[in-house]
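K.L.:
What follows is a structure written as structure tokens; I'll ask about it next.
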Amino acid sequence: MRRPFIAGNWKMNLNRAEAVALAEGLKQAAAAVDYADIAVCPSFVYIDAVAQALKGSNVGVGAQDCYFEGNGAFTGEVSVEMLKDIGCTYVILGHSERRHIIGESSELTNKKLKAVLAAGLIPILCIGEMLEQREAGATDDVNAEQFFGSLAGLTSDDMKKVVIAYEPVWAIGTGKVATPEQAQEVHAKVRQLIEFRFGKDVADAVRIQYGGSMKPGNAAELLAQADIDGGLIGGAALKVDSFMGIIEAAKTTEL
């Protein structure tokens, strides 16, 4: 049985006071949660403050990206060691907005992922197709390219430490949501990719989050699917009540 993992991606939202207040509210609201792992990923500039606010709680802290070099002349970048130094446990990599807006490749994501693992942190690797790719019947091909490209060179032991987040890009911030059956179908195929590349034991262990507009109203049905092991939450993670609604939906879910 895979332990549910609910992570909030705050993206480029909130100011410092709002981020700290949200963290403090979540620390109190989630104090009794013992059935799922929880994390929040603020903007770089607020990670330190949020980590301080969450100190001693059961809510982990992550970053939304990183660079693969340890230090040096890389203006504007943030290293994994810097993130570790201020309390990060997780790092989101290959998010659709990094791939499709910033133009990051799976090759670059792979370098970042290896740096995250080398530092002892947990990567949350995002893969997923855009609307035109889904309509063209290319969902499986797109996910396979991103999967194999981003995970090139990893061992089975490495892969056990990775979290996958399936993000149907057409369902992020649009209000559209894949049906539970559509989401489960893709999650099952991603797990097949893990088994093909790393073996059944690894495939059975790796958690695959759903990252397409999960909300309190649909979380229970999505999380009830056999291969959906949690959520990477965007807008619904920006308020304590809505984020807790999703977390609580995982309590009665048998994963």
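Starting from 1 in every chain, residues are counted up; chains themselves are A, B, ... following the order of the structure tokens, and ligands are numbered from 1 as listed.
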For stretch 6-20 of chain A, please output as an mmCIF file with N, CA, C and O atoms, in the first residue's frame all residues within 10 Å (counting only C-alpha atoms; exclusion window: fewer than 3 positions along the same chain).

P.N.:
```cif
data_model
loop_
_atom_site.group_PDB
_atom_site.id
_atom_site.type_symbol
_atom_site.label_atom_id
_atom_site.label_comp_id
_atom_site.auth_asym_id
_atom_site.auth_seq_id
_atom_site.Cartn_x
_atom_site.Cartn_y
_atom_site.Cartn_z
ATOM 1 N N ARG A 3 1.538 5.146 0.641
ATOM 2 C CA ARG A 3 1.049 6.210 1.517
ATOM 3 C C ARG A 3 0.694 7.440 0.679
ATOM 4 O O ARG A 3 1.506 7.893 -0.131
ATOM 5 N N ALA A 23 0.963 29.029 5.930
ATOM 6 C CA ALA A 23 1.755 27.957 6.536
ATOM 7 C C ALA A 23 1.349 27.731 7.991
ATOM 8 O O ALA A 23 1.190 26.586 8.441
ATOM 9 N N GLU A 24 1.168 28.806 8.726
ATOM 10 C CA GLU A 24 0.783 28.684 10.135
ATOM 11 C C GLU A 24 -0.597 28.065 10.279
ATOM 12 O O GLU A 24 -0.846 27.239 11.160
ATOM 13 N N GLY A 25 -1.523 28.463 9.398
ATOM 14 C CA GLY A 25 -2.867 27.898 9.434
ATOM 15 C C GLY A 25 -2.855 26.414 9.105
ATOM 16 O O GLY A 25 -3.553 25.604 9.727
ATOM 17 N N LEU A 26 -2.046 26.043 8.135
ATOM 18 C CA LEU A 26 -1.951 24.643 7.742
ATOM 19 C C LEU A 26 -1.284 23.811 8.832
ATOM 20 O O LEU A 26 -1.691 22.663 9.088
ATOM 21 N N ALA A 36 -1.212 10.555 5.761
ATOM 22 C CA ALA A 36 -0.698 11.042 4.477
ATOM 23 C C ALA A 36 0.524 11.918 4.712
ATOM 24 O O ALA A 36 0.693 12.502 5.789
ATOM 25 N N ASP A 37 1.378 12.001 3.696
ATOM 26 C CA ASP A 37 2.469 12.966 3.698
ATOM 27 C C ASP A 37 1.956 14.262 3.073
ATOM 28 O O ASP A 37 1.192 14.241 2.102
ATOM 29 N N ILE A 38 2.398 15.387 3.631
ATOM 30 C CA ILE A 38 1.943 16.703 3.182
ATOM 31 C C ILE A 38 3.158 17.585 2.948
ATOM 32 O O ILE A 38 4.135 17.531 3.704
ATOM 33 N N ALA A 39 3.102 18.402 1.911
ATOM 34 C CA ALA A 39 4.174 19.362 1.668
ATOM 35 C C ALA A 39 3.607 20.584 0.965
ATOM 36 O O ALA A 39 2.554 20.522 0.315
ATOM 37 N N VAL A 40 4.305 21.699 1.106
ATOM 38 C CA VAL A 40 3.967 22.909 0.359
ATOM 39 C C VAL A 40 5.231 23.436 -0.312
ATOM 40 O O VAL A 40 6.338 23.294 0.217
ATOM 41 N N CYS A 41 5.044 24.014 -1.494
ATOM 42 C CA CYS A 41 6.179 24.506 -2.278
ATOM 43 C C CYS A 41 5.955 25.979 -2.611
ATOM 44 O O CYS A 41 5.292 26.306 -3.604
ATOM 45 N N PRO A 42 6.495 26.881 -1.780
ATOM 46 C CA PRO A 42 6.336 28.322 -2.011
ATOM 47 C C PRO A 42 7.337 28.819 -3.066
ATOM 48 O O PRO A 42 8.225 28.084 -3.510
ATOM 49 N N SER A 43 7.189 30.087 -3.429
ATOM 50 C CA SER A 43 8.190 30.735 -4.267
ATOM 51 C C SER A 43 9.535 30.738 -3.538
ATOM 52 O O SER A 43 9.598 30.764 -2.312
ATOM 53 N N PHE A 44 10.629 30.757 -4.310
ATOM 54 C CA PHE A 44 11.967 30.727 -3.725
ATOM 55 C C PHE A 44 12.138 31.733 -2.587
ATOM 56 O O PHE A 44 12.687 31.406 -1.537
ATOM 57 N N VAL A 45 11.662 32.964 -2.809
ATOM 58 C CA VAL A 45 11.968 34.042 -1.856
ATOM 59 C C VAL A 45 11.278 33.866 -0.510
ATOM 60 O O VAL A 45 11.666 34.514 0.472
ATOM 61 N N TYR A 46 10.253 32.977 -0.446
ATOM 62 C CA TYR A 46 9.534 32.786 0.813
ATOM 63 C C TYR A 46 9.759 31.410 1.434
ATOM 64 O O TYR A 46 9.180 31.099 2.480
ATOM 65 N N ILE A 47 10.590 30.585 0.817
ATOM 66 C CA ILE A 47 10.801 29.239 1.354
ATOM 67 C C ILE A 47 11.325 29.291 2.787
ATOM 68 O O ILE A 47 10.847 28.569 3.669
ATOM 69 N N ASP A 48 12.298 30.141 3.034
ATOM 70 C CA ASP A 48 12.906 30.205 4.369
ATOM 71 C C ASP A 48 11.872 30.575 5.422
ATOM 72 O O ASP A 48 11.766 29.935 6.479
ATOM 73 N N ALA A 49 11.074 31.597 5.135
ATOM 74 C CA ALA A 49 10.066 32.049 6.095
ATOM 75 C C ALA A 49 8.999 30.976 6.320
ATOM 76 O O ALA A 49 8.567 30.736 7.456
ATOM 77 N N VAL A 50 8.577 30.319 5.253
ATOM 78 C CA VAL A 50 7.568 29.265 5.369
ATOM 79 C C VAL A 50 8.135 28.073 6.137
ATOM 80 O O VAL A 50 7.460 27.488 6.993
ATOM 81 N N ALA A 51 9.389 27.717 5.874
ATOM 82 C CA ALA A 51 10.020 26.614 6.592
ATOM 83 C C ALA A 51 10.105 26.902 8.084
ATOM 84 O O ALA A 51 9.897 26.008 8.918
ATOM 85 N N GLN A 52 10.412 28.138 8.435
ATOM 86 C CA GLN A 52 10.458 28.523 9.849
ATOM 87 C C GLN A 52 9.076 28.416 10.477
ATOM 88 O O GLN A 52 8.921 27.948 11.612
ATOM 89 N N ALA A 53 8.048 28.842 9.740
ATOM 90 C CA ALA A 53 6.684 28.790 10.261
ATOM 91 C C ALA A 53 6.209 27.353 10.461
ATOM 92 O O ALA A 53 5.406 27.076 11.352
ATOM 93 N N LEU A 54 6.712 26.433 9.632
ATOM 94 C CA LEU A 54 6.281 25.039 9.694
ATOM 95 C C LEU A 54 7.184 24.161 10.549
ATOM 96 O O LEU A 54 6.954 22.965 10.664
ATOM 97 N N VAL A 59 4.223 19.012 8.153
ATOM 98 C CA VAL A 59 4.124 19.543 6.787
ATOM 99 C C VAL A 59 5.525 19.824 6.270
ATOM 100 O O VAL A 59 6.256 20.639 6.838
ATOM 101 N N GLY A 60 5.920 19.142 5.211
ATOM 102 C CA GLY A 60 7.228 19.351 4.616
ATOM 103 C C GLY A 60 7.250 20.568 3.703
ATOM 104 O O GLY A 60 6.205 21.113 3.344
ATOM 105 N N VAL A 61 8.446 20.960 3.320
ATOM 106 C CA VAL A 61 8.627 22.134 2.461
ATOM 107 C C VAL A 61 9.415 21.730 1.224
ATOM 108 O O VAL A 61 10.382 20.958 1.309
ATOM 109 N N GLY A 62 8.985 22.251 0.095
ATOM 110 C CA GLY A 62 9.692 21.981 -1.147
ATOM 111 C C GLY A 62 9.872 23.244 -1.961
ATOM 112 O O GLY A 62 9.307 24.289 -1.652
ATOM 113 N N ALA A 63 10.667 23.121 -3.019
ATOM 114 C CA ALA A 63 10.880 24.217 -3.967
ATOM 115 C C ALA A 63 10.206 23.864 -5.284
ATOM 116 O O ALA A 63 9.903 22.709 -5.564
ATOM 117 N N GLN A 64 9.990 24.880 -6.101
ATOM 118 C CA GLN A 64 9.302 24.684 -7.375
ATOM 119 C C GLN A 64 10.265 24.397 -8.527
ATOM 120 O O GLN A 64 9.820 24.093 -9.637
ATOM 121 N N TYR A 90 11.684 18.547 -0.601
ATOM 122 C CA TYR A 90 11.199 18.185 -1.930
ATOM 123 C C TYR A 90 11.571 19.255 -2.952
ATOM 124 O O TYR A 90 11.756 20.420 -2.598
ATOM 125 N N ILE A 92 10.077 20.235 -6.953
ATOM 126 C CA ILE A 92 9.282 19.968 -8.156
ATOM 127 C C ILE A 92 10.170 20.176 -9.375
ATOM 128 O O ILE A 92 10.884 21.176 -9.474
ATOM 129 N N GLU A 97 4.679 24.195 -16.734
ATOM 130 C CA GLU A 97 4.960 25.610 -16.987
ATOM 131 C C GLU A 97 6.448 25.843 -17.218
ATOM 132 O O GLU A 97 6.822 26.770 -17.936
ATOM 133 N N ILE A 124 9.921 15.634 -7.234
ATOM 134 C CA ILE A 124 8.563 15.404 -7.729
ATOM 135 C C ILE A 124 8.606 15.702 -9.216
ATOM 136 O O ILE A 124 8.626 16.866 -9.635
ATOM 137 N N GLN A 209 1.244 11.093 -8.295
ATOM 138 C CA GLN A 209 0.239 12.094 -7.950
ATOM 139 C C GLN A 209 -0.534 12.519 -9.188
ATOM 140 O O GLN A 209 -0.035 12.449 -10.310
ATOM 141 N N TYR A 210 -1.757 12.995 -8.966
ATOM 142 C CA TYR A 210 -2.520 13.619 -10.039
ATOM 143 C C TYR A 210 -2.396 15.131 -9.894
ATOM 144 O O TYR A 210 -2.587 15.674 -8.810
ATOM 145 N N GLY A 211 -2.081 15.813 -10.997
ATOM 146 C CA GLY A 211 -1.834 17.249 -10.919
ATOM 147 C C GLY A 211 -2.709 18.088 -11.819
ATOM 148 O O GLY A 211 -2.231 19.058 -12.402
ATOM 149 N N ASP A 229 -2.046 8.173 -6.269
ATOM 150 C CA ASP A 229 -1.508 8.075 -4.906
ATOM 151 C C ASP A 229 -1.430 9.415 -4.182
ATOM 152 O O ASP A 229 -0.737 9.536 -3.176
ATOM 153 N N GLY A 230 -2.099 10.418 -4.700
ATOM 154 C CA GLY A 230 -2.047 11.727 -4.071
ATOM 155 C C GLY A 230 -2.288 12.803 -5.100
ATOM 156 O O GLY A 230 -2.759 12.539 -6.208
ATOM 157 N N GLY A 231 -1.948 14.032 -4.751
ATOM 158 C CA GLY A 231 -2.177 15.136 -5.668
ATOM 159 C C GLY A 231 -1.090 16.191 -5.566
ATOM 160 O O GLY A 231 -0.524 16.415 -4.487
ATOM 161 N N LEU A 232 -0.799 16.813 -6.701
ATOM 162 C CA LEU A 232 0.036 18.017 -6.733
ATOM 163 C C LEU A 232 -0.942 19.154 -6.997
ATOM 164 O O LEU A 232 -1.460 19.304 -8.101
ATOM 165 N N ILE A 233 -1.205 19.948 -5.967
ATOM 166 C CA ILE A 233 -2.349 20.847 -5.945
ATOM 167 C C ILE A 233 -1.915 22.286 -6.214
ATOM 168 O O ILE A 233 -0.979 22.781 -5.582
ATOM 169 N N GLY A 234 -2.617 22.957 -7.117
ATOM 170 C CA GLY A 234 -2.329 24.348 -7.432
ATOM 171 C C GLY A 234 -3.224 25.296 -6.659
ATOM 172 O O GLY A 234 -3.041 25.534 -5.469
ATOM 173 N N GLY A 235 -4.244 25.827 -7.323
ATOM 174 C CA GLY A 235 -5.096 26.853 -6.718
ATOM 175 C C GLY A 235 -5.739 26.446 -5.410
ATOM 176 O O GLY A 235 -5.865 27.263 -4.487
ATOM 177 N N ALA A 236 -6.154 25.197 -5.303
ATOM 178 C CA ALA A 236 -6.825 24.742 -4.080
ATOM 179 C C ALA A 236 -5.879 24.649 -2.892
ATOM 180 O O ALA A 236 -6.326 24.455 -1.757
ATOM 181 N N ALA A 237 -4.571 24.792 -3.127
ATOM 182 C CA ALA A 237 -3.605 24.750 -2.022
ATOM 183 C C ALA A 237 -3.343 26.129 -1.438
ATOM 184 O O ALA A 237 -2.557 26.264 -0.494
ATOM 185 N N LEU A 238 -3.994 27.157 -1.977
ATOM 186 C CA LEU A 238 -3.742 28.520 -1.526
ATOM 187 C C LEU A 238 -4.649 28.957 -0.380
ATOM 188 O O LEU A 238 -4.550 30.083 0.103
ATOM 189 N N PHE A 243 -7.347 23.155 0.858
ATOM 190 C CA PHE A 243 -6.232 22.209 0.863
ATOM 191 C C PHE A 243 -6.515 21.077 1.854
ATOM 192 O O PHE A 243 -6.287 19.894 1.553
ATOM 193 N N MET A 244 -7.033 21.424 3.027
ATOM 194 C CA MET A 244 -7.367 20.404 4.018
ATOM 195 C C MET A 244 -8.493 19.502 3.528
ATOM 196 O O MET A 244 -8.521 18.312 3.846
ATOM 197 N N ILE A 246 -8.857 18.409 0.561
ATOM 198 C CA ILE A 246 -8.214 17.395 -0.273
ATOM 199 C C ILE A 246 -7.438 16.399 0.598
ATOM 200 O O ILE A 246 -7.503 15.185 0.390
ATOM 201 N N ILE A 247 -6.701 16.924 1.565
ATOM 202 C CA ILE A 247 -5.944 16.049 2.462
ATOM 203 C C ILE A 247 -6.877 15.072 3.182
ATOM 204 O O ILE A 247 -6.604 13.865 3.268
ATOM 205 N N ALA A 250 -8.094 11.939 1.462
ATOM 206 C CA ALA A 250 -7.175 10.804 1.372
ATOM 207 C C ALA A 250 -7.313 9.860 2.562
ATOM 208 O O ALA A 250 -6.831 8.718 2.512
#
```

K.L.:
Write out as a PyMOL selection string the set of residues from stretch 20-211 of chain A that DSSP, computed on the backbone, places in helix (DSSP H, G or I).

P.N.:
chain A and resi 20-29+44-53+80-85+96-102+106-118+131-135+139-150+156-159+169-171+180-198+200-205

K.L.:
Compile the contact shell of A:Leu117 as a list in words: residues with an atom at most 12 Å away, counting only C-alpha atoms, same-chain residues fewer than 6 positions apart removed.

P.N.:
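Contacts, with the query itself left out: Phe68, Val80, Glu81, Lys84, Thr89, Tyr90, Val91, Leu93, Asn110, Lys111, Pro123, Ile124, Leu125, Leu151, Leu154, Thr155, Asp157, Asp158, Met159, Lys160, Lys161, Val162 and Val163 of chain A.
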
K.L.:
Taking 4 positions as the minimum chain separation for residues in the same chain, which residues sit within 10 Å of A:Ala220 when counting only C-alpha atoms? Answer as a list of chain:residue names.

P.N.:
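Contacts, in chain order: A:Pro180, A:Met214, A:Lys215, A:Pro216, A:Ala224, A:Gln225, A:Gly245, A:Ile246, A:Ile247, A:Glu248, A:Ala249, A:Ala250, A:Lys251, A:Thr252, A:Thr253.
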
K.L.:
Taking N, CA, C and O atoms for each residue, export the selection above as a PDB file, in the first residue's frame.

P.N.:
```
ATOM      1  N   PRO A 180     -12.185  10.641 -13.347  1.00  0.00           N
ATOM      2  CA  PRO A 180     -11.386   9.682 -12.591  1.00  0.00           C
ATOM      3  C   PRO A 180     -10.917   8.524 -13.462  1.00  0.00           C
ATOM      4  O   PRO A 180      -9.787   8.042 -13.306  1.00  0.00           O
ATOM      5  N   MET A 214      -7.220  19.196  -9.023  1.00  0.00           N
ATOM      6  CA  MET A 214      -7.858  18.448  -7.945  1.00  0.00           C
ATOM      7  C   MET A 214      -8.397  19.426  -6.911  1.00  0.00           C
ATOM      8  O   MET A 214      -7.729  20.388  -6.543  1.00  0.00           O
ATOM      9  N   LYS A 215      -9.629  19.187  -6.476  1.00  0.00           N
ATOM     10  CA  LYS A 215     -10.308  20.066  -5.521  1.00  0.00           C
ATOM     11  C   LYS A 215     -10.978  19.210  -4.449  1.00  0.00           C
ATOM     12  O   LYS A 215     -11.104  17.994  -4.622  1.00  0.00           O
ATOM     13  N   PRO A 216     -11.461  19.847  -3.362  1.00  0.00           N
ATOM     14  CA  PRO A 216     -12.156  19.064  -2.345  1.00  0.00           C
ATOM     15  C   PRO A 216     -13.338  18.283  -2.902  1.00  0.00           C
ATOM     16  O   PRO A 216     -13.621  17.165  -2.455  1.00  0.00           O
ATOM     17  N   ALA A 224      -9.528   7.588  -5.006  1.00  0.00           N
ATOM     18  CA  ALA A 224     -10.000   6.216  -4.870  1.00  0.00           C
ATOM     19  C   ALA A 224      -9.501   5.322  -5.997  1.00  0.00           C
ATOM     20  O   ALA A 224      -9.582   4.095  -5.896  1.00  0.00           O
ATOM     21  N   GLN A 225      -8.958   5.921  -7.059  1.00  0.00           N
ATOM     22  CA  GLN A 225      -8.455   5.125  -8.178  1.00  0.00           C
ATOM     23  C   GLN A 225      -7.186   4.375  -7.763  1.00  0.00           C
ATOM     24  O   GLN A 225      -6.369   4.881  -7.003  1.00  0.00           O
ATOM     25  N   GLY A 245      -9.403  20.041   2.725  1.00  0.00           N
ATOM     26  CA  GLY A 245     -10.471  19.214   2.173  1.00  0.00           C
ATOM     27  C   GLY A 245      -9.924  18.099   1.306  1.00  0.00           C
ATOM     28  O   GLY A 245     -10.439  16.976   1.305  1.00  0.00           O
ATOM     29  N   ILE A 246      -8.857  18.409   0.561  1.00  0.00           N
ATOM     30  CA  ILE A 246      -8.214  17.395  -0.273  1.00  0.00           C
ATOM     31  C   ILE A 246      -7.438  16.399   0.598  1.00  0.00           C
ATOM     32  O   ILE A 246      -7.503  15.185   0.390  1.00  0.00           O
ATOM     33  N   ILE A 247      -6.701  16.924   1.565  1.00  0.00           N
ATOM     34  CA  ILE A 247      -5.944  16.049   2.462  1.00  0.00           C
ATOM     35  C   ILE A 247      -6.877  15.072   3.182  1.00  0.00           C
ATOM     36  O   ILE A 247      -6.604  13.865   3.268  1.00  0.00           O
ATOM     37  N   GLU A 248      -7.993  15.585   3.667  1.00  0.00           N
ATOM     38  CA  GLU A 248      -8.943  14.741   4.403  1.00  0.00           C
ATOM     39  C   GLU A 248      -9.589  13.697   3.503  1.00  0.00           C
ATOM     40  O   GLU A 248      -9.971  12.614   3.960  1.00  0.00           O
ATOM     41  N   ALA A 249      -9.690  13.998   2.196  1.00  0.00           N
ATOM     42  CA  ALA A 249     -10.252  13.033   1.262  1.00  0.00           C
ATOM     43  C   ALA A 249      -9.363  11.795   1.136  1.00  0.00           C
ATOM     44  O   ALA A 249      -9.843  10.710   0.748  1.00  0.00           O
ATOM     45  N   ALA A 250      -8.094  11.939   1.462  1.00  0.00           N
ATOM     46  CA  ALA A 250      -7.175  10.804   1.372  1.00  0.00           C
ATOM     47  C   ALA A 250      -7.313   9.860   2.562  1.00  0.00           C
ATOM     48  O   ALA A 250      -6.831   8.718   2.512  1.00  0.00           O
ATOM     49  N   LYS A 251      -7.995  10.304   3.601  1.00  0.00           N
ATOM     50  CA  LYS A 251      -8.072   9.504   4.827  1.00  0.00           C
ATOM     51  C   LYS A 251      -8.825   8.193   4.621  1.00  0.00           C
ATOM     52  O   LYS A 251      -8.438   7.156   5.154  1.00  0.00           O
ATOM     53  N   THR A 252      -9.897   8.254   3.836  1.00  0.00           N
ATOM     54  CA  THR A 252     -10.726   7.068   3.654  1.00  0.00           C
ATOM     55  C   THR A 252     -10.396   6.332   2.370  1.00  0.00           C
ATOM     56  O   THR A 252     -11.113   5.437   1.949  1.00  0.00           O
ATOM     57  N   THR A 253      -9.292   6.733   1.734  1.00  0.00           N
ATOM     58  CA  THR A 253      -8.927   6.138   0.458  1.00  0.00           C
ATOM     59  C   THR A 253      -7.960   4.979   0.670  1.00  0.00           C
ATOM     60  O   THR A 253      -6.965   5.121   1.363  1.00  0.00           O
TER      61      THR A 253
END
```

K.L.:
Hey, can you check how far atom CA of A:Ile228 sits from atom CA of A:Ala183?

P.N.:
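Straight-line distance from atom CA of A:Ile228 to atom CA of A:Ala183 works out to 7.9 Å.
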
K.L.:
Could you write out, as a PDB file with N, CA and C atoms, in the first residue's frame, all the residues of stretch 27-115 of chain A that DSSP marks as strand (DSSP E)?

P.N.:
```
ATOM      1  N   ASP A  37       1.378  12.001   3.696  1.00  0.00           N
ATOM      2  CA  ASP A  37       2.469  12.966   3.698  1.00  0.00           C
ATOM      3  C   ASP A  37       1.956  14.262   3.073  1.00  0.00           C
ATOM      4  N   ILE A  38       2.398  15.387   3.631  1.00  0.00           N
ATOM      5  CA  ILE A  38       1.943  16.703   3.182  1.00  0.00           C
ATOM      6  C   ILE A  38       3.158  17.585   2.948  1.00  0.00           C
ATOM      7  N   ALA A  39       3.102  18.402   1.911  1.00  0.00           N
ATOM      8  CA  ALA A  39       4.174  19.362   1.668  1.00  0.00           C
ATOM      9  C   ALA A  39       3.607  20.584   0.965  1.00  0.00           C
ATOM     10  N   VAL A  40       4.305  21.699   1.106  1.00  0.00           N
ATOM     11  CA  VAL A  40       3.967  22.909   0.359  1.00  0.00           C
ATOM     12  C   VAL A  40       5.231  23.436  -0.312  1.00  0.00           C
ATOM     13  N   CYS A  41       5.044  24.014  -1.494  1.00  0.00           N
ATOM     14  CA  CYS A  41       6.179  24.506  -2.278  1.00  0.00           C
ATOM     15  C   CYS A  41       5.955  25.979  -2.611  1.00  0.00           C
ATOM     16  N   VAL A  59       4.223  19.012   8.153  1.00  0.00           N
ATOM     17  CA  VAL A  59       4.124  19.543   6.787  1.00  0.00           C
ATOM     18  C   VAL A  59       5.525  19.824   6.270  1.00  0.00           C
ATOM     19  N   GLY A  60       5.920  19.142   5.211  1.00  0.00           N
ATOM     20  CA  GLY A  60       7.228  19.351   4.616  1.00  0.00           C
ATOM     21  C   GLY A  60       7.250  20.568   3.703  1.00  0.00           C
ATOM     22  N   VAL A  61       8.446  20.960   3.320  1.00  0.00           N
ATOM     23  CA  VAL A  61       8.627  22.134   2.461  1.00  0.00           C
ATOM     24  C   VAL A  61       9.415  21.730   1.224  1.00  0.00           C
ATOM     25  N   GLY A  62       8.985  22.251   0.095  1.00  0.00           N
ATOM     26  CA  GLY A  62       9.692  21.981  -1.147  1.00  0.00           C
ATOM     27  C   GLY A  62       9.872  23.244  -1.961  1.00  0.00           C
ATOM     28  N   ALA A  63      10.667  23.121  -3.019  1.00  0.00           N
ATOM     29  CA  ALA A  63      10.880  24.217  -3.967  1.00  0.00           C
ATOM     30  C   ALA A  63      10.206  23.864  -5.284  1.00  0.00           C
ATOM     31  N   TYR A  90      11.684  18.547  -0.601  1.00  0.00           N
ATOM     32  CA  TYR A  90      11.199  18.185  -1.930  1.00  0.00           C
ATOM     33  C   TYR A  90      11.571  19.255  -2.952  1.00  0.00           C
ATOM     34  N   VAL A  91      11.640  18.846  -4.222  1.00  0.00           N
ATOM     35  CA  VAL A  91      11.823  19.801  -5.320  1.00  0.00           C
ATOM     36  C   VAL A  91      10.953  19.349  -6.495  1.00  0.00           C
ATOM     37  N   ILE A  92      10.077  20.235  -6.953  1.00  0.00           N
ATOM     38  CA  ILE A  92       9.282  19.968  -8.156  1.00  0.00           C
ATOM     39  C   ILE A  92      10.170  20.176  -9.375  1.00  0.00           C
ATOM     40  N   LEU A  93      10.114  19.239 -10.310  1.00  0.00           N
ATOM     41  CA  LEU A  93      10.929  19.327 -11.519  1.00  0.00           C
ATOM     42  C   LEU A  93      10.086  19.024 -12.752  1.00  0.00           C
TER      43      LEU A  93
END
```

K.L.:
Just want the 10 Å neighbourhood of A:Lys176, counted on only C-alpha atoms, with same-chain residues fewer than 4 positions away dropped. Output as a ChimeraX atom specification.

P.N.:
/A:168-172,212-214

K.L.:
Output all heavy atoms for every residue in that selection, as a compact mmCIF listing (two decimals), in the first residue's frame.

P.N.:
```
# COMPACT_ATOMS: atom_id res chain seq x y z
N PRO A 168 -2.19 16.55 -16.69
CA PRO A 168 -2.79 16.86 -17.99
C PRO A 168 -2.82 18.38 -18.13
O PRO A 168 -3.56 19.07 -17.43
CB PRO A 168 -4.20 16.27 -17.87
CG PRO A 168 -4.48 16.19 -16.41
CD PRO A 168 -3.16 16.06 -15.72
N VAL A 169 -1.95 18.93 -18.97
CA VAL A 169 -1.75 20.38 -19.01
C VAL A 169 -3.06 21.11 -19.30
O VAL A 169 -3.30 22.21 -18.81
CB VAL A 169 -0.67 20.73 -20.07
CG1 VAL A 169 -0.41 22.24 -20.08
CG2 VAL A 169 0.63 19.99 -19.76
N TRP A 170 -3.92 20.49 -20.07
CA TRP A 170 -5.21 21.10 -20.42
C TRP A 170 -6.14 21.24 -19.22
O TRP A 170 -7.15 21.93 -19.29
CB TRP A 170 -5.89 20.27 -21.51
CG TRP A 170 -5.91 18.79 -21.23
CD1 TRP A 170 -4.95 17.88 -21.56
CD2 TRP A 170 -6.95 18.05 -20.58
NE1 TRP A 170 -5.31 16.62 -21.14
CE2 TRP A 170 -6.53 16.69 -20.55
CE3 TRP A 170 -8.18 18.40 -20.03
CZ2 TRP A 170 -7.31 15.69 -19.97
CZ3 TRP A 170 -8.95 17.40 -19.45
CH2 TRP A 170 -8.52 16.07 -19.43
N ALA A 171 -5.80 20.60 -18.11
CA ALA A 171 -6.65 20.65 -16.92
C ALA A 171 -6.02 21.46 -15.79
O ALA A 171 -6.47 21.41 -14.66
CB ALA A 171 -6.94 19.24 -16.43
N ILE A 172 -4.98 22.23 -16.09
CA ILE A 172 -4.32 23.03 -15.06
C ILE A 172 -4.79 24.47 -15.16
O ILE A 172 -4.56 25.15 -16.15
CB ILE A 172 -2.79 22.98 -15.21
CG1 ILE A 172 -2.29 21.54 -15.04
CG2 ILE A 172 -2.11 23.89 -14.18
CD1 ILE A 172 -0.82 21.38 -15.29
N GLY A 212 -3.98 17.74 -11.96
CA GLY A 212 -4.85 18.51 -12.85
C GLY A 212 -6.12 19.00 -12.17
O GLY A 212 -7.16 18.35 -12.24
N SER A 213 -6.05 20.13 -11.50
CA SER A 213 -7.23 20.76 -10.89
C SER A 213 -7.97 19.84 -9.91
O SER A 213 -9.19 19.73 -9.94
CB SER A 213 -8.21 21.25 -11.98
OG SER A 213 -7.62 22.27 -12.74
N MET A 214 -7.22 19.20 -9.02
CA MET A 214 -7.86 18.45 -7.95
C MET A 214 -8.40 19.43 -6.91
O MET A 214 -7.73 20.39 -6.54
CB MET A 214 -6.87 17.48 -7.29
CG MET A 214 -7.52 16.55 -6.27
SD MET A 214 -6.34 15.43 -5.44
CE MET A 214 -6.04 14.22 -6.72
```

K.L.:
May I have the residues within 9 Å of A:Asp140 as a list in words, using only C-alpha atoms and disregarding those fewer than 2 positions away in the same chain?

P.N.:
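Near neighbours after the sequence-gap exclusion: Glu129, Arg134, Gly137, Ala138, Val142, Asn143, Ala144, Glu145, Val186, Lys189 and Val190 of chain A.
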
K.L.:
Kindly give the distance, in Å, that separates atom CA of A:Gln146 and atom CA of A:Ala118, rounded to a single decimal.

P.N.:
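Distance reported for this atom pair: 20.8 Å.
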
K.L.:
Using only C-alpha atoms, can you tell me which of A:Ile164, A:Leu131, A:Met82, A:Cys66 comes closest to A:Lys112?

P.N.:
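Using only C-alpha atoms, the shortest distance to A:Lys112 belongs to A:Cys66.
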
K.L.:
Taking into account only C-alpha atoms, which residue in the set A:Gly199, A:Gly70, A:Gly149, A:Gly128 is nearest to A:Ala115?

P.N.:
A:Gly70

K.L.:
If you measure from atom CA of A:His100 to atom CA of A:Ile127, what distance in Å do you get, rounded to one decimal?

P.N.:
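Atom CA of A:Ile127 lies at a distance of 11.4 Å from atom CA of A:His100.
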